[in-house]
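**Q** Got structure_22.pdb for you, PDB, C-alpha atoms and all ligand atoms:
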```
ATOM      1  CA  MET Q 597     119.885  71.368  96.472
ATOM      2  CA  ASP Q 598     117.354  68.489  96.741
ATOM      3  CA  ASP Q 599     114.821  67.424  94.062
ATOM      4  CA  ASP Q 600     112.006  69.502  95.612
ATOM      5  CA  THR Q 601     113.841  72.771  95.096
ATOM      6  CA  HIS Q 602     115.900  72.018  91.979
ATOM      7  CA  ILE Q 603     115.062  73.986  88.830
ATOM      8  CA  ASP Q 604     116.773  73.795  85.429
ATOM      9  CA  ALA Q 605     119.683  76.218  85.151
ATOM     10  CA  ASP Q 606     118.184  77.258  81.785
ATOM     11  CA  HIS Q 607     115.339  78.888  83.652
ATOM     12  CA  VAL Q 608     117.626  81.625  85.019
ATOM     13  CA  ASP Q 609     118.566  82.450  81.399
ATOM     14  CA  ILE Q 610     114.884  82.544  80.419
ATOM     15  CA  LEU Q 611     114.089  84.999  83.240
ATOM     16  CA  GLN Q 612     117.150  87.113  82.444
ATOM     17  CA  THR Q 613     116.123  87.257  78.747
ATOM     18  CA  PHE Q 614     112.618  88.338  79.824
ATOM     19  CA  ILE Q 615     114.179  91.155  81.902
ATOM     20  CA  GLU Q 616     116.451  92.263  79.085
ATOM     21  CA  SER Q 617     113.560  92.426  76.599
ATOM     22  CA  HIS Q 618     111.414  94.413  79.085
ATOM     23  CA  GLY Q 619     111.667  98.200  78.711
ATOM     24  CA  PHE Q 620     111.288  99.014  82.415
ATOM     25  CA  LEU Q 621     113.044  96.039  84.050
ATOM     26  CA  SER Q 622     116.048  96.252  81.702
ATOM     27  CA  TRP Q 623     116.339  99.986  82.501
ATOM     28  CA  LEU Q 624     116.762  99.020  86.185
ATOM     29  CA  ASP Q 625     119.608  96.616  85.339
ATOM     30  CA  LEU Q 626     117.858  93.859  87.299
ATOM     31  CA  THR Q 627     119.781  90.587  87.721
ATOM     32  CA  VAL Q 628     118.670  87.116  88.852
ATOM     33  CA  GLU Q 629     121.278  86.029  91.442
ATOM     34  CA  GLU Q 630     119.796  82.746  92.734
ATOM     35  CA  LEU Q 631     116.809  80.613  91.785
ATOM     36  CA  GLU Q 632     115.299  77.489  93.218
ATOM     37  CA  ARG Q 633     111.729  76.240  93.149
ATOM     38  CA  GLY Q 634     109.692  78.706  95.233
ATOM     39  CA  ARG Q 635     112.571  81.074  96.063
ATOM     40  CA  ILE Q 636     114.555  83.713  94.183
ATOM     41  CA  VAL Q 637     117.196  86.348  94.916
ATOM     42  CA  MET Q 638     117.530  89.345  92.594
ATOM     43  CA  SER Q 639     119.490  92.602  92.644
ATOM     44  CA  VAL Q 640     119.498  96.137  91.269
ATOM     45  CA  PRO Q 641     122.747  98.160  91.337
ATOM     46  CA  TYR Q 642     122.756 101.636  92.886
ATOM     47  CA  ASP Q 643     122.310 104.324  90.241
ATOM     48  CA  GLU Q 644     121.855 108.066  90.717
ATOM     49  CA  LYS Q 645     118.940 108.010  88.270
ATOM     50  CA  LEU Q 646     116.975 106.088  90.935
ATOM     51  CA  VAL Q 647     117.660 108.556  93.791
ATOM     52  CA  ASN Q 648     115.077 111.088  95.014
ATOM     53  CA  PRO Q 649     116.457 114.552  94.062
ATOM     54  CA  GLY Q 650     117.205 116.654  97.145
ATOM     55  CA  SER Q 651     117.079 113.683  99.506
ATOM     56  CA  PRO Q 652     119.566 114.465 102.327
ATOM     57  CA  VAL Q 653     120.595 110.792 102.570
ATOM     58  CA  GLY Q 654     120.382 110.011  98.834
ATOM     59  CA  SER Q 655     117.514 107.563  99.217
ATOM     60  CA  ILE Q 656     116.383 105.429  96.288
ATOM     61  CA  HIS Q 657     112.757 105.948  95.229
ATOM     62  CA  GLY Q 658     110.412 103.496  96.980
ATOM     63  CA  GLY Q 659     108.943 102.348  93.687
ATOM     64  CA  ILE Q 660     112.187 100.501  92.970
ATOM     65  CA  ALA Q 661     111.839  98.318  96.070
ATOM     66  CA  ALA Q 662     108.139  97.802  95.200
ATOM     67  CA  THR Q 663     109.138  96.720  91.682
ATOM     68  CA  LEU Q 664     111.671  94.294  93.147
ATOM     69  CA  VAL Q 665     109.007  92.836  95.455
ATOM     70  CA  ASP Q 666     106.579  92.388  92.532
ATOM     71  CA  THR Q 667     109.053  91.023  90.019
ATOM     72  CA  ALA Q 668     110.819  88.634  92.393
ATOM     73  CA  SER Q 669     107.461  87.375  93.699
ATOM     74  CA  GLY Q 670     106.125  86.747  90.183
ATOM     75  CA  PHE Q 671     109.280  84.859  89.241
ATOM     76  CA  ALA Q 672     109.304  82.837  92.485
ATOM     77  CA  LEU Q 673     105.681  81.803  91.918
ATOM     78  CA  ARG Q 674     106.311  80.931  88.260
ATOM     79  CA  SER Q 675     109.154  78.650  89.411
ATOM     80  CA  THR Q 676     106.571  76.483  91.223
ATOM     81  CA  PHE Q 677     104.605  75.765  88.013
ATOM     82  CA  ASP Q 678     104.941  72.197  86.677
ATOM     83  CA  ASP Q 679     106.480  73.836  83.595
ATOM     84  CA  PRO Q 680     107.767  77.315  84.570
ATOM     85  CA  THR Q 681     108.010  78.312  80.893
ATOM     86  CA  THR Q 682     104.238  78.122  80.354
ATOM     87  CA  GLY Q 683     101.203  79.834  81.913
ATOM     88  CA  SER Q 684     101.184  83.321  83.386
ATOM     89  CA  LEU Q 685     100.260  85.286  86.475
ATOM     90  CA  ALA Q 686      98.777  88.654  87.448
ATOM     91  CA  THR Q 687      99.520  90.608  90.612
ATOM     92  CA  THR Q 688      96.328  91.134  92.626
ATOM     93  CA  ASP Q 689      97.785  92.667  95.782
ATOM     94  CA  LEU Q 690     101.134  94.144  96.735
ATOM     95  CA  ASN Q 691     102.067  95.525 100.141
ATOM     96  CA  VAL Q 692     105.427  97.128 100.940
ATOM     97  CA  THR Q 693     106.561  98.436 104.318
ATOM     98  CA  TYR Q 694     109.661 100.644 104.187
ATOM     99  CA  LEU Q 695     111.958 100.202 107.181
ATOM    100  CA  ARG Q 696     114.844 102.570 106.408
ATOM    101  CA  PRO Q 697     116.218 104.503 103.385
ATOM    102  CA  ALA Q 698     117.959 102.481 100.674
ATOM    103  CA  THR Q 699     121.175 104.227  99.646
ATOM    104  CA  ASN Q 700     123.134 101.443  97.945
ATOM    105  CA  ASP Q 701     122.678  98.362  95.710
ATOM    106  CA  LEU Q 702     119.375  96.615  96.414
ATOM    107  CA  ARG Q 703     118.841  92.892  96.981
ATOM    108  CA  VAL Q 704     115.458  91.173  97.163
ATOM    109  CA  GLU Q 705     114.657  87.683  98.344
ATOM    110  CA  ALA Q 706     111.167  86.331  97.611
ATOM    111  CA  GLU Q 707     109.776  83.117  99.030
ATOM    112  CA  VAL Q 708     106.522  81.455  98.088
ATOM    113  CA  LEU Q 709     104.247  81.097 101.114
ATOM    114  CA  ARG Q 710     101.527  79.074  99.382
ATOM    115  CA  THR Q 711     100.173  78.231  95.959
ATOM    116  CA  GLY Q 712      96.675  76.886  95.355
ATOM    117  CA  GLY Q 713      94.715  76.136  92.188
ATOM    118  CA  SER Q 714      94.315  79.781  91.210
ATOM    119  CA  MET Q 715      96.124  81.969  93.784
ATOM    120  CA  GLY Q 716      99.709  82.304  95.012
ATOM    121  CA  TYR Q 717     101.245  84.247  97.917
ATOM    122  CA  THR Q 718     104.779  85.407  98.710
ATOM    123  CA  ASP Q 719     106.832  86.937 101.484
ATOM    124  CA  THR Q 720     109.740  89.209 100.481
ATOM    125  CA  LEU Q 721     112.673  91.027 102.031
ATOM    126  CA  VAL Q 722     114.586  93.900 100.411
ATOM    127  CA  SER Q 723     118.022  94.739 101.796
ATOM    128  CA  SER Q 724     120.864  97.165 101.072
ATOM    129  CA  VAL Q 725     124.259  98.049 102.477
ATOM    130  CA  ALA Q 726     123.735 100.948 104.924
ATOM    131  CA  PRO Q 727     126.188 103.872 105.327
ATOM    132  CA  ASP Q 728     127.795 102.016 108.289
ATOM    133  CA  GLY Q 729     128.783  99.206 105.876
ATOM    134  CA  GLU Q 730     126.318  96.634 107.204
ATOM    135  CA  GLU Q 731     123.686  94.906 105.027
ATOM    136  CA  LYS Q 732     120.320  95.953 106.498
ATOM    137  CA  ASP Q 733     116.660  95.291 105.713
ATOM    138  CA  VAL Q 734     115.150  98.292 103.934
ATOM    139  CA  ALA Q 735     111.667  96.954 103.153
ATOM    140  CA  VAL Q 736     109.432  93.932 103.595
ATOM    141  CA  GLY Q 737     106.631  92.965 101.246
ATOM    142  CA  ARG Q 738     103.685  90.586 100.930
ATOM    143  CA  THR Q 739     101.920  89.786  97.665
ATOM    144  CA  SER Q 740      99.111  87.768  96.143
ATOM    145  CA  TYR Q 741      98.710  86.698  92.514
ATOM    146  CA  ARG Q 742      96.112  85.138  90.240
ATOM    147  CA  LEU Q 743      97.835  82.138  88.681
ATOM    148  CA  PHE Q 744      96.941  81.148  85.121
ATOM    149  CA  HIS Q 745      98.157  77.624  84.544
ATOM    150  CA  ASP Q 746      98.702  76.593  80.943
ATOM    151  CA  SER Q 747      95.464  74.572  80.803
ATOM    152  CA  GLU Q 748      93.317  77.759  81.259
TER     153      GLU Q 748
HETATM  154  C1  LIG G 801      92.437  88.641  86.093
HETATM  155  C2  LIG G 801      92.028  89.174  87.451
HETATM  156  C3  LIG G 801      93.168  88.929  88.439
HETATM  157  C4  LIG G 801      90.754  88.491  87.898
HETATM  158  O1  LIG G 801      90.884  87.074  87.895
HETATM  159  P1  LIG G 801      89.547  86.192  88.121
HETATM  160  O2  LIG G 801      88.627  86.843  89.057
HETATM  161  O3  LIG G 801      90.046  84.848  88.482
HETATM  162  O4  LIG G 801      88.830  86.232  86.724
HETATM  163  P2  LIG G 801      88.864  85.279  85.425
HETATM  164  O5  LIG G 801      89.627  84.006  85.632
HETATM  165  O6  LIG G 801      87.491  85.188  84.942
HETATM  166  O7  LIG G 801      89.686  86.102  84.377
HETATM  167  C5  LIG G 801      89.274  87.398  84.064
HETATM  168  C6  LIG G 801      90.010  87.859  82.849
HETATM  169  O8  LIG G 801      91.440  87.674  82.993
HETATM  170  C7  LIG G 801      91.926  87.346  81.697
HETATM  171  N1  LIG G 801      93.269  86.743  81.746
HETATM  172  C8  LIG G 801      93.670  85.538  81.299
HETATM  173  N2  LIG G 801      94.983  85.386  81.478
HETATM  174  C9  LIG G 801      95.418  86.519  82.041
HETATM  175  C10 LIG G 801      96.682  86.963  82.473
HETATM  176  N3  LIG G 801      97.776  86.196  82.344
HETATM  177  N4  LIG G 801      96.783  88.171  83.022
HETATM  178  C11 LIG G 801      95.709  88.963  83.159
HETATM  179  N5  LIG G 801      94.478  88.600  82.759
HETATM  180  C12 LIG G 801      94.344  87.376  82.210
HETATM  181  C13 LIG G 801      90.895  86.407  81.155
HETATM  182  O9  LIG G 801      91.043  86.391  79.751
HETATM  183  C14 LIG G 801      89.606  87.082  81.612
HETATM  184  O10 LIG G 801      89.244  88.063  80.641
HETATM  185  P3  LIG G 801      87.706  88.415  80.346
HETATM  186  O11 LIG G 801      87.234  89.171  81.566
HETATM  187  O12 LIG G 801      87.000  87.121  80.150
HETATM  188  O13 LIG G 801      87.776  89.283  79.127
HETATM  189  C15 LIG G 801      91.664  90.678  87.393
HETATM  190  O14 LIG G 801      91.361  91.144  88.678
HETATM  191  C16 LIG G 801      92.766  91.528  86.804
HETATM  192  O15 LIG G 801      93.040  91.462  85.604
HETATM  193  N6  LIG G 801      93.432  92.368  87.656
HETATM  194  C17 LIG G 801      94.535  93.174  87.191
HETATM  195  C18 LIG G 801      95.883  92.431  87.341
HETATM  196  C19 LIG G 801      97.045  93.312  86.913
HETATM  197  O16 LIG G 801      96.957  94.005  85.927
HETATM  198  N7  LIG G 801      98.170  93.292  87.708
HETATM  199  C20 LIG G 801      99.321  94.085  87.408
HETATM  200  C21 LIG G 801     100.160  93.530  86.280
HETATM  201  S1  LIG G 801     100.612  91.837  86.544
HETATM  202  C22 LIG G 801     102.360  91.807  86.580
HETATM  203  O17 LIG G 801     102.950  92.757  86.214
HETATM  204  C23 LIG G 801     102.980  90.545  87.110
HETATM  205  C24 LIG G 801     104.394  90.317  86.751
HETATM  206  C25 LIG G 801     105.274  89.893  87.745
HETATM  207  C26 LIG G 801     106.606  89.628  87.448
HETATM  208  C27 LIG G 801     107.106  89.814  86.176
HETATM  209  C28 LIG G 801     106.228  90.221  85.173
HETATM  210  C29 LIG G 801     104.870  90.457  85.467
END
```
For this file, write the structure as structure tokens.
**A**
Amino acid sequence: MDDDTHIDADHVDILQTFIESHGFLSWLDLTVEELERGRIVMSVPYDEKLVNPGSPVGSIHGGIAATLVDTASGFALRSTFDDPTTGSLATTDLNVTYLRPATNDLRVEAEVLRTGGSMGYTDTLVSSVAPDGEEKDVAVGRTSYRLFHDSE
């Protein structure tokens, strides 16, 4: 990892502590798998509590993928702040396109497309192991955020 993408290892612990103290995110058992400046990978394990009752393929509710898109994007954007432990951000737009049912553990990768003085944008990909055993894309997402740097 070069200096442009390096981020303190402590920051993963800070994000994981945030998740564990969050009622909703901790309930999903969300884990930060990889973090570098402007990019993050996170996962949620398959759990029957997340599955749509009566779904013939056992598909996970779409709100879970949407939550992954939002959370991973917010974290990826925060990682671009001069000091990622200060400031905050608010989601202003979130778009998710569902490509196929998710029936297994979920993985999301979020990448920052651009940050300006007050707005940030991300591109995300959610994937899951399909019944044929192959990891496949289950959703793609695009987001925008209002960034509140510490000085505001
Ligand atoms: C704030 C803005 C985006 C507008 O912005 P602008 O047009 O630039 O307007 P302006 O700069 O004038 O500020 C206006 C007001 O904003 C107040 N403010 C200051 N700091 C913050 C702050 N940090 N957050 C929110 N508001 C803040 C400030 O005091 C002022 O208040 P006032 O009006 O003077 O009393 C507005 O459209 C909005 O709130 N939308 C709803 C957004 C929403 O609810 N999204 C969903 C949940 S987000 C999520 O879950 C993300 C996440 C990801 C991953 C993990 C965890 C979380």
**Q** Have a look at Q:Ser669, Q:Ser724, Q:Asn700, Q:Thr676 and name the one nearest to Ser740 of chain Q; count only C-alpha atoms.
**A** Q:Ser669
**Q** Once 8 Å is added on each side, what are the centre and the three edge lengths, in Å to one decimal, of the axis-aligned box enclosing the listed atoms of ligand LIG 801 (chain G)? Present them as lines of an AutoDock Vina configuration file.
**A**
```
center_x = 97.1
center_y = 89.0
center_z = 84.1
size_x = 36.1
size_y = 26.1
size_z = 25.9
```
**Q** Need to verify the contact set: Glu707 of chain Q, 8 Å, all atoms listed in the file, exclusion of same-chain residues closer than 5 positions in sequence. Can you return it as number ranges by chain?
**A** Q: 634-636, 669, 672, 718-720
**Q** For this file, the PyMOL selection byres (((chain Q and resi 687) around 9) and not hetatm) selects which residues, as a list of chain:residue names?
**A** Q:Asp666, Q:Gly670, Q:Leu685, Q:Ala686, Q:Thr688, Q:Asp689, Q:Leu690, Q:Thr739, Q:Ser740, Q:Tyr741, Q:Arg742, Q:Leu743
**Q** Which residues, written as a ChimeraX atom specification, have at least one atom at most 12 Å from Asp625 of chain Q, with all atoms listed in the file counted and residues fewer than 5 positions away on the same chain left out?
**A** /Q:612-613,615-620,638-643,645-646,660,664,701-702
**Q** Only C-alpha atoms, please: the residues just picked out, written as a compact mmCIF listing (two decimals), keeping the file's coordinate frame.
**A**
```txt
# COMPACT_ATOMS: atom_id res chain seq x y z
CA GLN Q 612 117.15 87.11 82.44
CA THR Q 613 116.12 87.26 78.75
CA ILE Q 615 114.18 91.16 81.90
CA GLU Q 616 116.45 92.26 79.08
CA SER Q 617 113.56 92.43 76.60
CA HIS Q 618 111.41 94.41 79.08
CA GLY Q 619 111.67 98.20 78.71
CA PHE Q 620 111.29 99.01 82.42
CA MET Q 638 117.53 89.34 92.59
CA SER Q 639 119.49 92.60 92.64
CA VAL Q 640 119.50 96.14 91.27
CA PRO Q 641 122.75 98.16 91.34
CA TYR Q 642 122.76 101.64 92.89
CA ASP Q 643 122.31 104.32 90.24
CA LYS Q 645 118.94 108.01 88.27
CA LEU Q 646 116.98 106.09 90.94
CA ILE Q 660 112.19 100.50 92.97
CA LEU Q 664 111.67 94.29 93.15
CA ASP Q 701 122.68 98.36 95.71
CA LEU Q 702 119.38 96.62 96.41
```
**Q** To one decimal place in Å, what is the distance between atom CA of Phe671 of chain Q and atom CA of Ala726 of chain Q?
**A**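 Taking atom CA of Phe671 of chain Q and atom CA of Ala726 of chain Q, their separation equals 26.7 Å.
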**Q** Which residues are close to Val665 of chain Q, i.e. within 8 Å by all atoms listed in the file, leaving aside same-chain residues fewer than 4 positions away? Reply as a list in words.
**A** Ala661, Ser669, Val692, Val704, Ala706, Thr720, Leu721, Val722, Gly737 and Arg738 of chain Q
**Q** Return the single residue from Q:Ser651, Q:Ser714, Q:Ser622, Q:Thr693 that is closest to ligand LIG 801 (chain G), with distances computed using all atoms listed in the file.
**A**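 Smallest distance to ligand LIG 801 (chain G) is found for Q:Ser714.
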**Q** For a test of reading the model, state the distance in Å between atom CA of Glu644 of chain Q and atom S1 of ligand LIG 801 (chain G), rounded to one decimal.
**A** 27.1 Å
**Q** Go through Q:Glu630, Q:Ser723, Q:Leu624, Q:Asp746 and flag the residue nearest Thr699 of chain Q, using all atoms listed in the file for the distances.
**A**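 Closest to Thr699 of chain Q of all the choices is Q:Ser723.
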**Q** Starting from the sparse input, extend segment 708-720 of chain Q to N, CA, C and O atoms and give the output as a PDB file, in the frame of the given file.
**A**
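rebuild-v3.pdb was written with the following content:
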```
ATOM      1  N   VAL Q 708     107.936  81.794  98.238  1.00  0.00           N
ATOM      2  CA  VAL Q 708     106.522  81.455  98.088  1.00  0.00           C
ATOM      3  C   VAL Q 708     105.988  80.931  99.421  1.00  0.00           C
ATOM      4  O   VAL Q 708     106.570  80.032 100.027  1.00  0.00           O
ATOM      5  N   LEU Q 709     104.884  81.547  99.871  1.00  0.00           N
ATOM      6  CA  LEU Q 709     104.247  81.097 101.114  1.00  0.00           C
ATOM      7  C   LEU Q 709     103.283  79.951 100.838  1.00  0.00           C
ATOM      8  O   LEU Q 709     103.204  78.987 101.588  1.00  0.00           O
ATOM      9  N   ARG Q 710     102.511  80.105  99.722  1.00  0.00           N
ATOM     10  CA  ARG Q 710     101.527  79.074  99.382  1.00  0.00           C
ATOM     11  C   ARG Q 710     101.108  79.267  97.940  1.00  0.00           C
ATOM     12  O   ARG Q 710     101.016  80.403  97.468  1.00  0.00           O
ATOM     13  N   THR Q 711     100.871  78.149  97.240  1.00  0.00           N
ATOM     14  CA  THR Q 711     100.173  78.231  95.959  1.00  0.00           C
ATOM     15  C   THR Q 711      98.993  77.290  96.026  1.00  0.00           C
ATOM     16  O   THR Q 711      99.078  76.189  96.583  1.00  0.00           O
ATOM     17  N   GLY Q 712      97.850  77.739  95.470  1.00  0.00           N
ATOM     18  CA  GLY Q 712      96.675  76.886  95.355  1.00  0.00           C
ATOM     19  C   GLY Q 712      96.364  76.709  93.882  1.00  0.00           C
ATOM     20  O   GLY Q 712      97.233  76.908  93.035  1.00  0.00           O
ATOM     21  N   GLY Q 713      95.097  76.353  93.581  1.00  0.00           N
ATOM     22  CA  GLY Q 713      94.715  76.136  92.188  1.00  0.00           C
ATOM     23  C   GLY Q 713      94.764  77.416  91.378  1.00  0.00           C
ATOM     24  O   GLY Q 713      95.126  77.404  90.203  1.00  0.00           O
ATOM     25  N   SER Q 714      94.387  78.550  91.996  1.00  0.00           N
ATOM     26  CA  SER Q 714      94.315  79.781  91.210  1.00  0.00           C
ATOM     27  C   SER Q 714      95.016  80.971  91.859  1.00  0.00           C
ATOM     28  O   SER Q 714      95.118  82.027  91.234  1.00  0.00           O
ATOM     29  N   MET Q 715      95.480  80.835  93.108  1.00  0.00           N
ATOM     30  CA  MET Q 715      96.124  81.969  93.784  1.00  0.00           C
ATOM     31  C   MET Q 715      97.477  81.551  94.348  1.00  0.00           C
ATOM     32  O   MET Q 715      97.672  80.404  94.749  1.00  0.00           O
ATOM     33  N   GLY Q 716      98.395  82.536  94.408  1.00  0.00           N
ATOM     34  CA  GLY Q 716      99.709  82.304  95.012  1.00  0.00           C
ATOM     35  C   GLY Q 716     100.081  83.482  95.894  1.00  0.00           C
ATOM     36  O   GLY Q 716      99.627  84.618  95.647  1.00  0.00           O
ATOM     37  N   TYR Q 717     100.903  83.231  96.914  1.00  0.00           N
ATOM     38  CA  TYR Q 717     101.245  84.247  97.917  1.00  0.00           C
ATOM     39  C   TYR Q 717     102.745  84.192  98.194  1.00  0.00           C
ATOM     40  O   TYR Q 717     103.334  83.113  98.267  1.00  0.00           O
ATOM     41  N   THR Q 718     103.342  85.376  98.405  1.00  0.00           N
ATOM     42  CA  THR Q 718     104.779  85.407  98.710  1.00  0.00           C
ATOM     43  C   THR Q 718     105.080  86.344  99.877  1.00  0.00           C
ATOM     44  O   THR Q 718     104.297  87.236 100.204  1.00  0.00           O
ATOM     45  N   ASP Q 719     106.258  86.117 100.424  1.00  0.00           N
ATOM     46  CA  ASP Q 719     106.832  86.937 101.484  1.00  0.00           C
ATOM     47  C   ASP Q 719     108.185  87.417 100.949  1.00  0.00           C
ATOM     48  O   ASP Q 719     108.934  86.601 100.400  1.00  0.00           O
ATOM     49  N   THR Q 720     108.494  88.702 101.076  1.00  0.00           N
ATOM     50  CA  THR Q 720     109.740  89.209 100.481  1.00  0.00           C
ATOM     51  C   THR Q 720     110.505  90.112 101.456  1.00  0.00           C
ATOM     52  O   THR Q 720     109.901  90.733 102.341  1.00  0.00           O
TER      53      THR Q 720
END
```
